[in-house]
Structures are given as C-alpha cells and as structure tokens.
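Engineer: Dropping a structure here in structure tokens format, bear with me for questions.
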Amino acid sequence: MSGDIVNPAPRTVVTLADVARTAGVSIATASFVLSGRGGSRSAGSPATKAKVREAAEQLGYVPNRNAQAMRTGRGGGIVLALGTLDDPWGVQLATQVRDDALPHDLSTLVLADERWVEYLSGASADAAFITSVDFVEDGPERVLRLNSATQTGIVAFTAKMEPEGFDVISSTPYRAIARAYARLRARHETVQLLAPPQPLTHPRMAAFLQAARDHGDGPPEDLVRITPASARDTYRASREWLSGEDRPQAVICFTGYQAVALQSAAERLGVDVPGSLEIISIGDVPTESEYFEPISYYGVDDVFARISGVVIDAARARGERPGELHTFDWEFFPGATTRDDDGA
C-alpha cells in the first residue's frame, strides 16, 4: 500500500477498521495508537502514529471508551483525587500531569471531593493519584480495598503505607514545620500559625504544636489562627488580623494559597514584608499564583514533575510491576518574605 490517506466510502458510524484502512495500517496498530497505548512499540513509528491520529481526526472517529475498557482493561485516563480546587498546588499538579500525559494519549480528570473509592470502583481509569489517604477516616484501608477491587494503577500520597501492589509517594512536612518554626523563632519571640479549618489532632497541626512546646512557647493552641477555607475569605481574615492590635510578626502558613492571601493583605495594608512580617509557606507556592515577590517555602524540589512521572508510569505499566516507594525530601526555598539568614 502506498501509504497515502484514502477516504473510505461514507458510513453512518466510523469504526476502528475505517481508521486503520484510511491510515494504511493494521487494526491492531490503530487500536494501540488510539487506546492510550501509543507509547508501546506495537503502536509503530512516530510517523505511523501521526498518520493514525490524522485519519481518526479526518474521519471524526470517536472511540467507545466503555468497550475499549472492557476489551483492554484501560480507559485512557488519569484521575487526580485532589479533594478541592482551591489550592494552587493542586492546580499546578493537574497542569503538569495534563501536559505530560497527552503525548501518551492519556486524558486527565480531577476529582474535587473525597469520594474517590466510590468513583474509582466504577471507573476504568488507567491510574489514580490519591492525596488524602492520611487525612480521611480509614484512608489506608480504603486504598487497600480499592486496589483489590479495581485494575486502576493507584499512586497513594501517604506516610502511613508501604507499596502493596501500588505505588506510594511518601512526602511528609512534619520535620519541615519544626525547621520553619526554629528559623522564625531565632528572630521573633512569637511564631504563629495560619491554618485552614482542621482539628488540633491533624498531623500538620500536631507538628506545629510540638514545635512550640519544644521552644517553651505557648500555650501552643493560642498561637494558632484558623481561617475560612476559601482563598477570598482567608484574604479578608488576614486583613483583619494584620489590622488588629495582635498583629503577627512571624507566620507559618499551612497552604500556599494562605501564604498568598496573607502576603496580599500585608501589601494592601502597607505592612513591610519581611521587615515587619515574615512568612513561610509549608508547601510549594506556584509562580502563577503569586501576585508580588516570591514567597519563602519548605517543599520538594521539582515536585510536580516528579509526581507526574510516577503517576504516568503507573498508568502505562499498570499491572506489570508490584509498586514502588518514592520518598521525597523537603528543603527550604528562600523568597522575599523572609530575611537573609543561616537558619535551620
């Protein structure tokens, strides 16, 4: 066959066979390219893959994902169970995964609630990244139950589990919280915490309270400032805090969006950062989310690309490996919201 694309006779429904015939390839090759397995050698050369995709687009071919999942066990998608859409961290991660997944013919879906067991039990996802394992009731048990009931390649973001047929990313900020406290405490008599609604028993909260006790500060609970969950309400609450008589001088923020809100409130009120107020975020603050100078934070170097790589590998090699443990260490990234020092 010459390889030139030839239009088939008009049909009511375009089939995979039509795409294969138009592209001049076998049905098996067309299936590999269009089923989310385009990275396989069986899918052919880059030129062959391009020809198949061109033919599919030209003919208006739409794959039947349900039938495809039943036949191959793959749905061509990655689910990111983020639990919320408010945190810039999740938005940045979703962007990274989307950009990395598309060349492998994988789509990216975001689950913005904690019903990941219910959703994934009935979905044909190739991989799922679950962020809330340590923070929901019976999180580890849910992961084990889900892993035994589905073919989805699971990547669990947890400090409580070991790989058991799925991947685990272990990246705990608890030592980073203690280091952030020590860094700020070296220059200030009081270090306070800005946190979203959460119980005092939450692991991050417990780490802050212990750091305060270790320095003889407290009562530790009095150093905690809880804000509403949304970014807008956090900004308003931060303005009120900075306008009051108990205005803080050193603050650790438990999320990137809280650090952005606090910095924005300080700029609005003319508070000198970092001269009169130092801010450290626990977790990366994506550049796209910052309105002013970079915020100092404790985080993982190149964290979004590293997580994305693990998730996509799980989607592509699902069922072909026992799972791995990936440990990400935290370090300090100085920005414009802390003073120059040789701190922890």
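Convention: chains lettered A, B, ... in structure tokens order; per-chain residue numbering from 1; ligands numbered from 1 as shown.
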Using only C-alpha atoms, find each residue of stretch 181-250 of chain A with at least one atom at most 10 Å away from an atom of stretch 273-285 of chain A; report its shortest atom-to-atom pair and that distance in Å (one decimal), sort the rows by chain and rising residue number, and return the result as CSV.
Structural biologist:
residue,atom,partner,partner_atom,distance
A:Tyr181,CA,A:Ile280,CA,9.2
A:Arg183,CA,A:Ile280,CA,9.6
A:Leu184,CA,A:Glu278,CA,7.7
A:Arg187,CA,A:Glu278,CA,9.9
A:His188,CA,A:Glu278,CA,9.6
A:Val191,CA,A:Glu278,CA,9.6
A:Gln192,CA,A:Ile279,CA,9.9
A:Leu193,CA,A:Ile280,CA,9.8
A:Leu194,CA,A:Ser281,CA,9.5
A:Arg204,CA,A:Ile282,CA,9.5
A:Leu242,CA,A:Leu277,CA,9.5
A:Arg247,CA,A:Leu277,CA,9.0
A:Pro248,CA,A:Leu277,CA,6.9
A:Gln249,CA,A:Leu277,CA,4.5
A:Ala250,CA,A:Glu278,CA,4.7
Engineer: If we count only C-alpha atoms, what is near stretch 139-143 of chain A at a cut-off of 12 Å, once residues fewer than 6 positions away on the same chain are taken out, given as a PyMOL selection string?
Structural biologist: chain A and resi 114-118+120-121+128-133+149-150+152-168
Engineer: Could you take the residues named above and write them with N, CA and C atoms, as a tab-separated table (two decimals), in the first residue's frame?
Structural biologist:
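Saved to part24.tsv:
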chain	number	residue	atom	x	y	z
A	114	GLU	N	-13.92	13.87	48.18
A	114	GLU	CA	-13.23	12.73	48.78
A	114	GLU	C	-13.92	11.40	48.50
A	115	ARG	N	-14.78	11.34	47.47
A	115	ARG	CA	-15.47	10.09	47.15
A	115	ARG	C	-14.67	9.28	46.14
A	116	TRP	N	-13.37	9.18	46.36
A	116	TRP	CA	-12.53	8.50	45.38
A	116	TRP	C	-12.74	7.00	45.37
A	117	VAL	N	-13.09	6.40	46.50
A	117	VAL	CA	-13.36	4.96	46.49
A	117	VAL	C	-14.58	4.66	45.63
A	118	GLU	N	-15.66	5.43	45.86
A	118	GLU	CA	-16.89	5.20	45.11
A	118	GLU	C	-16.68	5.44	43.62
A	120	LEU	N	-13.76	5.53	41.75
A	120	LEU	CA	-12.79	4.66	41.09
A	120	LEU	C	-13.24	3.21	41.06
A	121	SER	N	-14.12	2.82	41.96
A	121	SER	CA	-14.62	1.45	41.93
A	121	SER	C	-15.45	1.18	40.69
A	128	ALA	N	-4.66	6.46	39.20
A	128	ALA	CA	-5.30	7.42	40.09
A	128	ALA	C	-4.29	7.87	41.14
A	129	PHE	N	-4.18	9.18	41.34
A	129	PHE	CA	-3.31	9.75	42.36
A	129	PHE	C	-4.21	10.23	43.50
A	130	ILE	N	-4.04	9.67	44.69
A	130	ILE	CA	-4.91	9.94	45.83
A	130	ILE	C	-4.13	10.71	46.88
A	131	THR	N	-4.58	11.93	47.20
A	131	THR	CA	-3.81	12.82	48.07
A	131	THR	C	-4.22	12.78	49.53
A	132	SER	N	-5.42	12.30	49.84
A	132	SER	CA	-5.96	12.47	51.20
A	132	SER	C	-5.93	11.20	52.04
A	133	VAL	N	-5.09	10.25	51.68
A	133	VAL	CA	-5.08	8.95	52.37
A	133	VAL	C	-4.92	9.11	53.88
A	149	ALA	N	-10.09	-4.26	44.26
A	149	ALA	CA	-11.35	-4.30	43.53
A	149	ALA	C	-11.29	-3.67	42.15
A	150	THR	N	-10.15	-3.11	41.78
A	150	THR	CA	-10.06	-2.41	40.50
A	150	THR	C	-8.73	-2.68	39.84
A	152	THR	N	-7.23	-0.23	38.25
A	152	THR	CA	-6.59	1.08	38.19
A	152	THR	C	-5.22	1.06	38.87
A	153	GLY	N	-4.23	1.67	38.23
A	153	GLY	CA	-2.91	1.80	38.84
A	153	GLY	C	-2.92	2.90	39.87
A	154	ILE	N	-2.86	2.56	41.14
A	154	ILE	CA	-3.00	3.54	42.22
A	154	ILE	C	-1.65	4.09	42.64
A	155	VAL	N	-1.61	5.41	42.85
A	155	VAL	CA	-0.46	6.07	43.46
A	155	VAL	C	-0.98	6.77	44.71
A	156	ALA	N	-0.59	6.29	45.88
A	156	ALA	CA	-1.09	6.83	47.14
A	156	ALA	C	-0.07	7.81	47.72
A	157	PHE	N	-0.55	9.00	48.08
A	157	PHE	CA	0.28	10.03	48.68
A	157	PHE	C	0.11	9.89	50.19
A	158	THR	N	1.04	9.17	50.85
A	158	THR	CA	0.82	8.81	52.24
A	158	THR	C	2.12	8.53	52.96
A	159	ALA	N	2.11	8.79	54.27
A	159	ALA	CA	3.24	8.45	55.12
A	159	ALA	C	2.93	7.23	55.97
A	160	LYS	N	1.75	6.64	55.78
A	160	LYS	CA	1.28	5.56	56.63
A	160	LYS	C	1.31	4.19	55.96
A	161	MET	N	1.67	4.12	54.68
A	161	MET	CA	1.55	2.87	53.95
A	161	MET	C	2.85	2.51	53.25
A	162	GLU	N	2.98	1.23	52.95
A	162	GLU	CA	4.05	0.71	52.11
A	162	GLU	C	3.42	0.19	50.82
A	163	PRO	N	4.19	0.11	49.74
A	163	PRO	CA	3.63	-0.41	48.48
A	163	PRO	C	3.14	-1.85	48.65
A	164	GLU	N	1.92	-2.09	48.21
A	164	GLU	CA	1.34	-3.43	48.22
A	164	GLU	C	0.59	-3.64	46.91
A	165	GLY	N	1.35	-3.67	45.83
A	165	GLY	CA	0.72	-3.77	44.52
A	165	GLY	C	0.36	-2.43	43.95
A	166	PHE	N	0.76	-1.34	44.58
A	166	PHE	CA	0.54	0.01	44.10
A	166	PHE	C	1.71	0.88	44.54
A	167	ASP	N	1.84	2.05	43.93
A	167	ASP	CA	2.94	2.96	44.26
A	167	ASP	C	2.57	3.84	45.45
A	168	VAL	N	3.58	4.19	46.24
A	168	VAL	CA	3.41	5.10	47.37
A	168	VAL	C	4.41	6.24	47.24
Engineer: Can you tell me which residues surround stretch 327-330 of chain A at a distance of at most 7 Å, considering only C-alpha atoms, apart from same-chain residues fewer than 4 positions away, and format the answer as a ChimeraX atom specification?
Structural biologist: /A:169-171,173,176,298-300
Engineer: So that I have them on file, write out the residues from the current selection with C-alpha atoms, as an mmCIF file, in the first residue's frame.
Structural biologist:
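Ended up saving to out.cif:
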data_model
loop_
_atom_site.group_PDB
_atom_site.id
_atom_site.type_symbol
_atom_site.label_atom_id
_atom_site.label_comp_id
_atom_site.auth_asym_id
_atom_site.auth_seq_id
_atom_site.Cartn_x
_atom_site.Cartn_y
_atom_site.Cartn_z
ATOM 1 C CA ILE A 169 4.782 8.634 47.427
ATOM 2 C CA SER A 170 5.969 9.493 50.936
ATOM 3 C CA SER A 171 6.487 13.200 51.436
ATOM 4 C CA PRO A 173 6.257 18.024 56.026
ATOM 5 C CA ALA A 176 9.938 20.944 57.749
ATOM 6 C CA TYR A 298 9.534 24.500 52.519
ATOM 7 C CA GLY A 299 8.849 21.999 49.787
ATOM 8 C CA VAL A 300 10.140 19.336 47.433
#
Engineer: So that I can check the surroundings of stretch 92-100 of chain A, please list as a VMD selection string every protein, DNA and RNA residue that reaches within 6 Å of it, counting only C-alpha atoms and ignoring chain neighbours fewer than 2 positions away.
Structural biologist: chain A and resid 89 to 90 102 108 304 308
Engineer: Could the residues in this selection be saved with N, CA, C and O atoms as a PDB file, in the first residue's frame?
Structural biologist:
ATOM      1  N   TRP A  89      -1.590  24.452  44.610  1.00  0.00           N
ATOM      2  CA  TRP A  89      -0.740  23.269  44.473  1.00  0.00           C
ATOM      3  C   TRP A  89      -1.411  22.236  43.584  1.00  0.00           C
ATOM      4  O   TRP A  89      -0.804  21.683  42.674  1.00  0.00           O
ATOM      5  N   GLY A  90      -2.684  21.981  43.831  1.00  0.00           N
ATOM      6  CA  GLY A  90      -3.416  21.003  43.035  1.00  0.00           C
ATOM      7  C   GLY A  90      -3.586  21.442  41.595  1.00  0.00           C
ATOM      8  O   GLY A  90      -3.512  20.625  40.670  1.00  0.00           O
ATOM      9  N   LEU A 102      -0.694  13.865  27.813  1.00  0.00           N
ATOM     10  CA  LEU A 102      -1.242  13.941  26.457  1.00  0.00           C
ATOM     11  C   LEU A 102      -0.371  13.244  25.407  1.00  0.00           C
ATOM     12  O   LEU A 102      -0.901  12.573  24.515  1.00  0.00           O
ATOM     13  N   THR A 108      -6.630  13.658  31.461  1.00  0.00           N
ATOM     14  CA  THR A 108      -6.517  13.926  32.896  1.00  0.00           C
ATOM     15  C   THR A 108      -7.851  14.411  33.443  1.00  0.00           C
ATOM     16  O   THR A 108      -8.438  15.347  32.919  1.00  0.00           O
ATOM     17  N   PHE A 304       6.206  18.769  41.165  1.00  0.00           N
ATOM     18  CA  PHE A 304       5.114  18.475  40.238  1.00  0.00           C
ATOM     19  C   PHE A 304       5.560  17.518  39.137  1.00  0.00           C
ATOM     20  O   PHE A 304       4.850  16.569  38.791  1.00  0.00           O
ATOM     21  N   SER A 308       4.173  13.719  38.679  1.00  0.00           N
ATOM     22  CA  SER A 308       3.603  13.416  37.365  1.00  0.00           C
ATOM     23  C   SER A 308       4.281  12.202  36.754  1.00  0.00           C
ATOM     24  O   SER A 308       3.621  11.322  36.180  1.00  0.00           O
TER      25      SER A 308
END
Engineer: Check stretch 200-318 of chain A with DSSP on the backbone and list each residue it calls alpha helix (DSSP H), as number ranges by chain.
Structural biologist: A: 203-214, 231-243, 256-269, 303-316
Engineer: Rounded to one decimal, what separation in Å do you get between atom CA of A:Tyr291 and atom CA of A:Ile307?
Structural biologist: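 Rounded to one decimal, the two atoms are 25.5 Å apart.
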Engineer: Which one is closest to A:Thr15: A:Tyr235, A:Leu59, A:Thr201, A:Thr48? Count only C-alpha atoms.
Structural biologist: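 Selected residue with least distance to A:Thr15: A:Leu59.
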